[in-house]
Amino acid sequence: MPLYTCITQEGTLSTEQRAFIATEITRIHTTYTGAPASFVRVIFETVAPESIFASGRPAVNAFILGIIRAGRSTEVRAQLQNDLWTMYKNVTGLTDEQLFLAVIEVPASNAMELGAILPEPGHEADWFTSHGLTNQ
């Protein structure tokens, strides 16, 4: 946790672009949330070009869906979303009309990592220690 899913049409992102986007999502998320980089997961899913529609018509679009632990301020979430939006547009060349981004919050108690219920934001160091883990 967090889990970011980037959905694009087949052939629109190179391997290098995916690697860069994953690195940037990790950097942006850890910068604003303080969460360890080892928590950040990024998945790229591709769909057939004829699978995405906007206003009932075929369209070139991309979607970023982020699931993060609840507990960050409105300001932090807004900064996180703005930086993700800007980065993705800069990497892909998409316009505002072609990108959709949503960050969904879930309680830490509703997620597990490394076999343990996740800590509340800000309590990661204690969580790693109490589970005999190293903060990566």
# chains A, B, ... in the order shown; residues from 1 in each chain; ligands from 1

call {"tool": "residues_around", "arguments": {"residues": "range 11-15 of chain A", "least_positions_apart": "5", "cutoff": "9 Å", "atoms": "only C-alpha atoms", "output": "list of chain:residue names"}}
result
A:Phe20, A:Thr46, A:Pro49, A:Thr92

call {"tool": "residues_around", "arguments": {"residues": "range 128-133 of chain A", "least_positions_apart": "2", "cutoff": "10 Å", "atoms": "only C-alpha atoms", "output": "VMD selection string"}}
result
chain A and resid 114 to 116 118 to 119 123 to 126 135 to 136

call {"tool": "closest_residue", "arguments": {"among": "A:Gly122, A:Met112, A:Gln98, A:Val106", "to": "Phe53 in chain A", "atoms": "only C-alpha atoms"}}
result
A:Gln98

call {"tool": "closest_residue", "arguments": {"among": "A:Glu16, A:Glu24, A:Glu105, A:Asp83", "to": "Leu65 in chain A", "atoms": "only C-alpha atoms"}}
result
A:Glu105

call {"tool": "residues_around", "arguments": {"residues": "Ala37 in chain A", "least_positions_apart": "6", "cutoff": "9 Å", "atoms": "only C-alpha atoms", "output": "PyMOL selection string"}}
result
chain A and resi 26-27+29-30+136

call {"tool": "select_by_dssp", "arguments": {"residues": "chain A", "states": "strand (DSSP E or B)", "output": "PyMOL selection string"}}
result
chain A and resi 3-9+41-47+53-54+57-58+62-69+99-106+112-113+116-117

call {"tool": "write_last_selection", "arguments": {"atoms": "N, CA and C atoms", "output": "JSON list (two decimals), in the first residue's frame"}}
result
[["chain", "number", "residue", "atom", "x", "y", "z"],
["A", 3, "LEU", "N", -1.25, 1.53, -3.68],
["A", 3, "LEU", "CA", -1.29, 0.84, -4.96],
["A", 3, "LEU", "C", -1.79, 1.83, -6.01],
["A", 4, "TYR", "N", -0.96, 2.08, -7.00],
["A", 4, "TYR", "CA", -1.32, 2.95, -8.11],
["A", 4, "TYR", "C", -1.46, 2.10, -9.36],
["A", 5, "THR", "N", -2.60, 2.19, -10.02],
["A", 5, "THR", "CA", -2.83, 1.48, -11.27],
["A", 5, "THR", "C", -2.92, 2.50, -12.39],
["A", 6, "CYS", "N", -2.08, 2.34, -13.39],
["A", 6, "CYS", "CA", -2.08, 3.21, -14.56],
["A", 6, "CYS", "C", -2.66, 2.41, -15.72],
["A", 7, "ILE", "N", -3.76, 2.87, -16.27],
["A", 7, "ILE", "CA", -4.44, 2.18, -17.36],
["A", 7, "ILE", "C", -4.27, 3.00, -18.63],
["A", 8, "THR", "N", -3.70, 2.35, -19.65],
["A", 8, "THR", "CA", -3.47, 3.02, -20.93],
["A", 8, "THR", "C", -3.86, 2.10, -22.07],
["A", 9, "GLN", "N", -3.90, 2.66, -23.25],
["A", 9, "GLN", "CA", -4.14, 1.86, -24.44],
["A", 9, "GLN", "C", -2.84, 1.20, -24.87],
["A", 41, "ARG", "N", 3.45, 0.54, -4.63],
["A", 41, "ARG", "CA", 3.31, -0.42, -5.73],
["A", 41, "ARG", "C", 2.68, 0.31, -6.91],
["A", 42, "VAL", "N", 3.19, 0.04, -8.12],
["A", 42, "VAL", "CA", 2.64, 0.64, -9.34],
["A", 42, "VAL", "C", 2.40, -0.48, -10.34],
["A", 43, "ILE", "N", 1.20, -0.51, -10.87],
["A", 43, "ILE", "CA", 0.82, -1.51, -11.87],
["A", 43, "ILE", "C", 0.42, -0.78, -13.15],
["A", 44, "PHE", "N", 0.88, -1.28, -14.28],
["A", 44, "PHE", "CA", 0.46, -0.75, -15.57],
["A", 44, "PHE", "C", -0.42, -1.79, -16.24],
["A", 45, "GLU", "N", -1.60, -1.38, -16.60],
["A", 45, "GLU", "CA", -2.52, -2.24, -17.34],
["A", 45, "GLU", "C", -2.78, -1.59, -18.69],
["A", 46, "THR", "N", -2.82, -2.42, -19.72],
["A", 46, "THR", "CA", -3.13, -1.89, -21.04],
["A", 46, "THR", "C", -4.42, -2.52, -21.54],
["A", 47, "VAL", "N", -5.13, -1.75, -22.32],
["A", 47, "VAL", "CA", -6.37, -2.22, -22.93],
["A", 47, "VAL", "C", -6.30, -1.96, -24.43],
["A", 53, "PHE", "N", -13.61, 4.86, -24.18],
["A", 53, "PHE", "CA", -14.55, 5.82, -24.77],
["A", 53, "PHE", "C", -14.69, 7.03, -23.87],
["A", 54, "ALA", "N", -14.93, 8.17, -24.48],
["A", 54, "ALA", "CA", -15.26, 9.40, -23.75],
["A", 54, "ALA", "C", -16.42, 10.04, -24.50],
["A", 57, "ARG", "N", -17.75, 8.08, -27.46],
["A", 57, "ARG", "CA", -16.95, 7.91, -28.68],
["A", 57, "ARG", "C", -15.57, 7.35, -28.32],
["A", 58, "PRO", "N", -14.97, 6.59, -29.23],
["A", 58, "PRO", "CA", -13.61, 6.10, -28.98],
["A", 58, "PRO", "C", -12.69, 7.29, -28.68],
["A", 62, "ALA", "N", -6.02, 8.07, -20.60],
["A", 62, "ALA", "CA", -5.26, 7.31, -19.61],
["A", 62, "ALA", "C", -5.88, 7.57, -18.25],
["A", 63, "PHE", "N", -5.73, 6.60, -17.37],
["A", 63, "PHE", "CA", -6.33, 6.67, -16.05],
["A", 63, "PHE", "C", -5.30, 6.30, -15.00],
["A", 64, "ILE", "N", -5.25, 7.05, -13.93],
["A", 64, "ILE", "CA", -4.41, 6.72, -12.78],
["A", 64, "ILE", "C", -5.35, 6.59, -11.59],
["A", 65, "LEU", "N", -5.38, 5.40, -11.01],
["A", 65, "LEU", "CA", -6.19, 5.15, -9.83],
["A", 65, "LEU", "C", -5.25, 4.79, -8.68],
["A", 66, "GLY", "N", -5.24, 5.61, -7.66],
["A", 66, "GLY", "CA", -4.37, 5.37, -6.52],
["A", 66, "GLY", "C", -5.20, 5.01, -5.30],
["A", 67, "ILE", "N", -4.78, 3.97, -4.61],
["A", 67, "ILE", "CA", -5.41, 3.58, -3.35],
["A", 67, "ILE", "C", -4.36, 3.82, -2.27],
["A", 68, "ILE", "N", -4.67, 4.72, -1.33],
["A", 68, "ILE", "CA", -3.72, 5.08, -0.29],
["A", 68, "ILE", "C", -4.37, 4.96, 1.08],
["A", 69, "ARG", "N", -3.54, 4.90, 2.11],
["A", 69, "ARG", "CA", -4.07, 4.89, 3.48],
["A", 69, "ARG", "C", -4.68, 6.24, 3.81],
["A", 99, "LEU", "N", -6.79, 12.72, -19.57],
["A", 99, "LEU", "CA", -6.29, 12.07, -18.36],
["A", 99, "LEU", "C", -7.34, 12.13, -17.26],
["A", 100, "PHE", "N", -7.47, 11.02, -16.53],
["A", 100, "PHE", "CA", -8.34, 10.94, -15.36],
["A", 100, "PHE", "C", -7.50, 10.41, -14.22],
["A", 101, "LEU", "N", -7.60, 11.03, -13.06],
["A", 101, "LEU", "CA", -6.85, 10.60, -11.88],
["A", 101, "LEU", "C", -7.78, 10.60, -10.67],
["A", 102, "ALA", "N", -7.71, 9.54, -9.90],
["A", 102, "ALA", "CA", -8.48, 9.49, -8.65],
["A", 102, "ALA", "C", -7.60, 8.86, -7.58],
["A", 103, "VAL", "N", -7.62, 9.45, -6.40],
["A", 103, "VAL", "CA", -6.93, 8.90, -5.24],
["A", 103, "VAL", "C", -8.01, 8.51, -4.24],
["A", 104, "ILE", "N", -8.05, 7.23, -3.92],
["A", 104, "ILE", "CA", -9.06, 6.67, -3.04],
["A", 104, "ILE", "C", -8.40, 6.30, -1.72],
["A", 105, "GLU", "N", -8.99, 6.73, -0.62],
["A", 105, "GLU", "CA", -8.42, 6.44, 0.69],
["A", 105, "GLU", "C", -9.13, 5.24, 1.33],
["A", 106, "VAL", "N", -8.33, 4.40, 1.97],
["A", 106, "VAL", "CA", -8.87, 3.30, 2.76],
["A", 106, "VAL", "C", -8.23, 3.35, 4.14],
["A", 112, "MET", "N", -3.11, -4.93, 4.29],
["A", 112, "MET", "CA", -1.99, -5.68, 4.85],
["A", 112, "MET", "C", -0.79, -5.60, 3.92],
["A", 113, "GLU", "N", 0.36, -5.68, 4.52],
["A", 113, "GLU", "CA", 1.61, -5.76, 3.78],
["A", 113, "GLU", "C", 2.56, -6.57, 4.63],
["A", 116, "ALA", "N", 1.09, -8.31, 7.74],
["A", 116, "ALA", "CA", 0.60, -7.58, 8.91],
["A", 116, "ALA", "C", -0.31, -6.43, 8.49],
["A", 117, "ILE", "N", -1.30, -6.14, 9.34],
["A", 117, "ILE", "CA", -2.16, -4.98, 9.12],
["A", 117, "ILE", "C", -1.28, -3.74, 9.10]]

call {"tool": "select_by_dssp", "arguments": {"residues": "range 82-132 of chain A", "states": "helix (DSSP H, G or I)", "output": "list in words"}}
result
Asn82, Asp83, Leu84, Trp85, Thr86, Met87, Tyr88, Lys89, Asn90, Val91, Thr92, Asp96, Glu97, Gln98, Ala108, Ser109, Asn110, Glu124, Ala125, Asp126, Trp127, Phe128, Thr129 and Ser130 of chain A

call {"tool": "write_last_selection", "arguments": {"atoms": "C-alpha atoms", "output": "PDB file, in the first residue's frame"}}
result
ATOM      1  CA  ASN A  82      -1.437  17.786  -8.747  1.00  0.00           C
ATOM      2  CA  ASP A  83       2.130  16.477  -8.959  1.00  0.00           C
ATOM      3  CA  LEU A  84       0.988  13.079 -10.258  1.00  0.00           C
ATOM      4  CA  TRP A  85      -1.189  14.822 -12.869  1.00  0.00           C
ATOM      5  CA  THR A  86       1.584  17.139 -14.052  1.00  0.00           C
ATOM      6  CA  MET A  87       4.213  14.394 -14.163  1.00  0.00           C
ATOM      7  CA  TYR A  88       2.001  12.018 -16.153  1.00  0.00           C
ATOM      8  CA  LYS A  89       1.041  14.699 -18.672  1.00  0.00           C
ATOM      9  CA  ASN A  90       4.698  15.722 -19.100  1.00  0.00           C
ATOM     10  CA  VAL A  91       5.793  12.134 -19.714  1.00  0.00           C
ATOM     11  CA  THR A  92       2.944  11.168 -22.052  1.00  0.00           C
ATOM     12  CA  ASP A  96      -6.117  17.579 -19.549  1.00  0.00           C
ATOM     13  CA  GLU A  97      -9.071  16.136 -21.458  1.00  0.00           C
ATOM     14  CA  GLN A  98      -7.269  12.816 -21.957  1.00  0.00           C
ATOM     15  CA  ALA A 108      -4.918   1.421   7.302  1.00  0.00           C
ATOM     16  CA  SER A 109      -6.721  -1.355   9.175  1.00  0.00           C
ATOM     17  CA  ASN A 110      -8.241  -2.497   5.861  1.00  0.00           C
ATOM     18  CA  GLU A 124       5.591   3.196   9.995  1.00  0.00           C
ATOM     19  CA  ALA A 125       8.886   3.088  11.950  1.00  0.00           C
ATOM     20  CA  ASP A 126       7.209   1.544  15.003  1.00  0.00           C
ATOM     21  CA  TRP A 127       5.364  -0.896  12.740  1.00  0.00           C
ATOM     22  CA  PHE A 128       8.599  -2.065  11.101  1.00  0.00           C
ATOM     23  CA  THR A 129      10.262  -2.481  14.510  1.00  0.00           C
ATOM     24  CA  SER A 130       7.332  -4.334  16.084  1.00  0.00           C
TER      25      SER A 130
END

call {"tool": "closest_residue", "arguments": {"among": "A:Ile21, A:Ile28, A:Leu94, A:Ala111", "to": "Val60 in chain A", "atoms": "only C-alpha atoms"}}
result
A:Leu94

call {"tool": "closest_residue", "arguments": {"among": "A:Gln17, A:Asn61, A:Glu10, A:Gln79", "to": "Thr95 in chain A", "atoms": "only C-alpha atoms"}}
result
A:Asn61

call {"tool": "atom_distance", "arguments": {"atom1": "CA of Ser73 in chain A", "atom2": "CA of Ala35 in chain A"}}
result
14.3 Å

call {"tool": "atom_distance", "arguments": {"atom1": "CA of Ala19 in chain A", "atom2": "CA of Arg72 in chain A"}}
result
26.5 Å
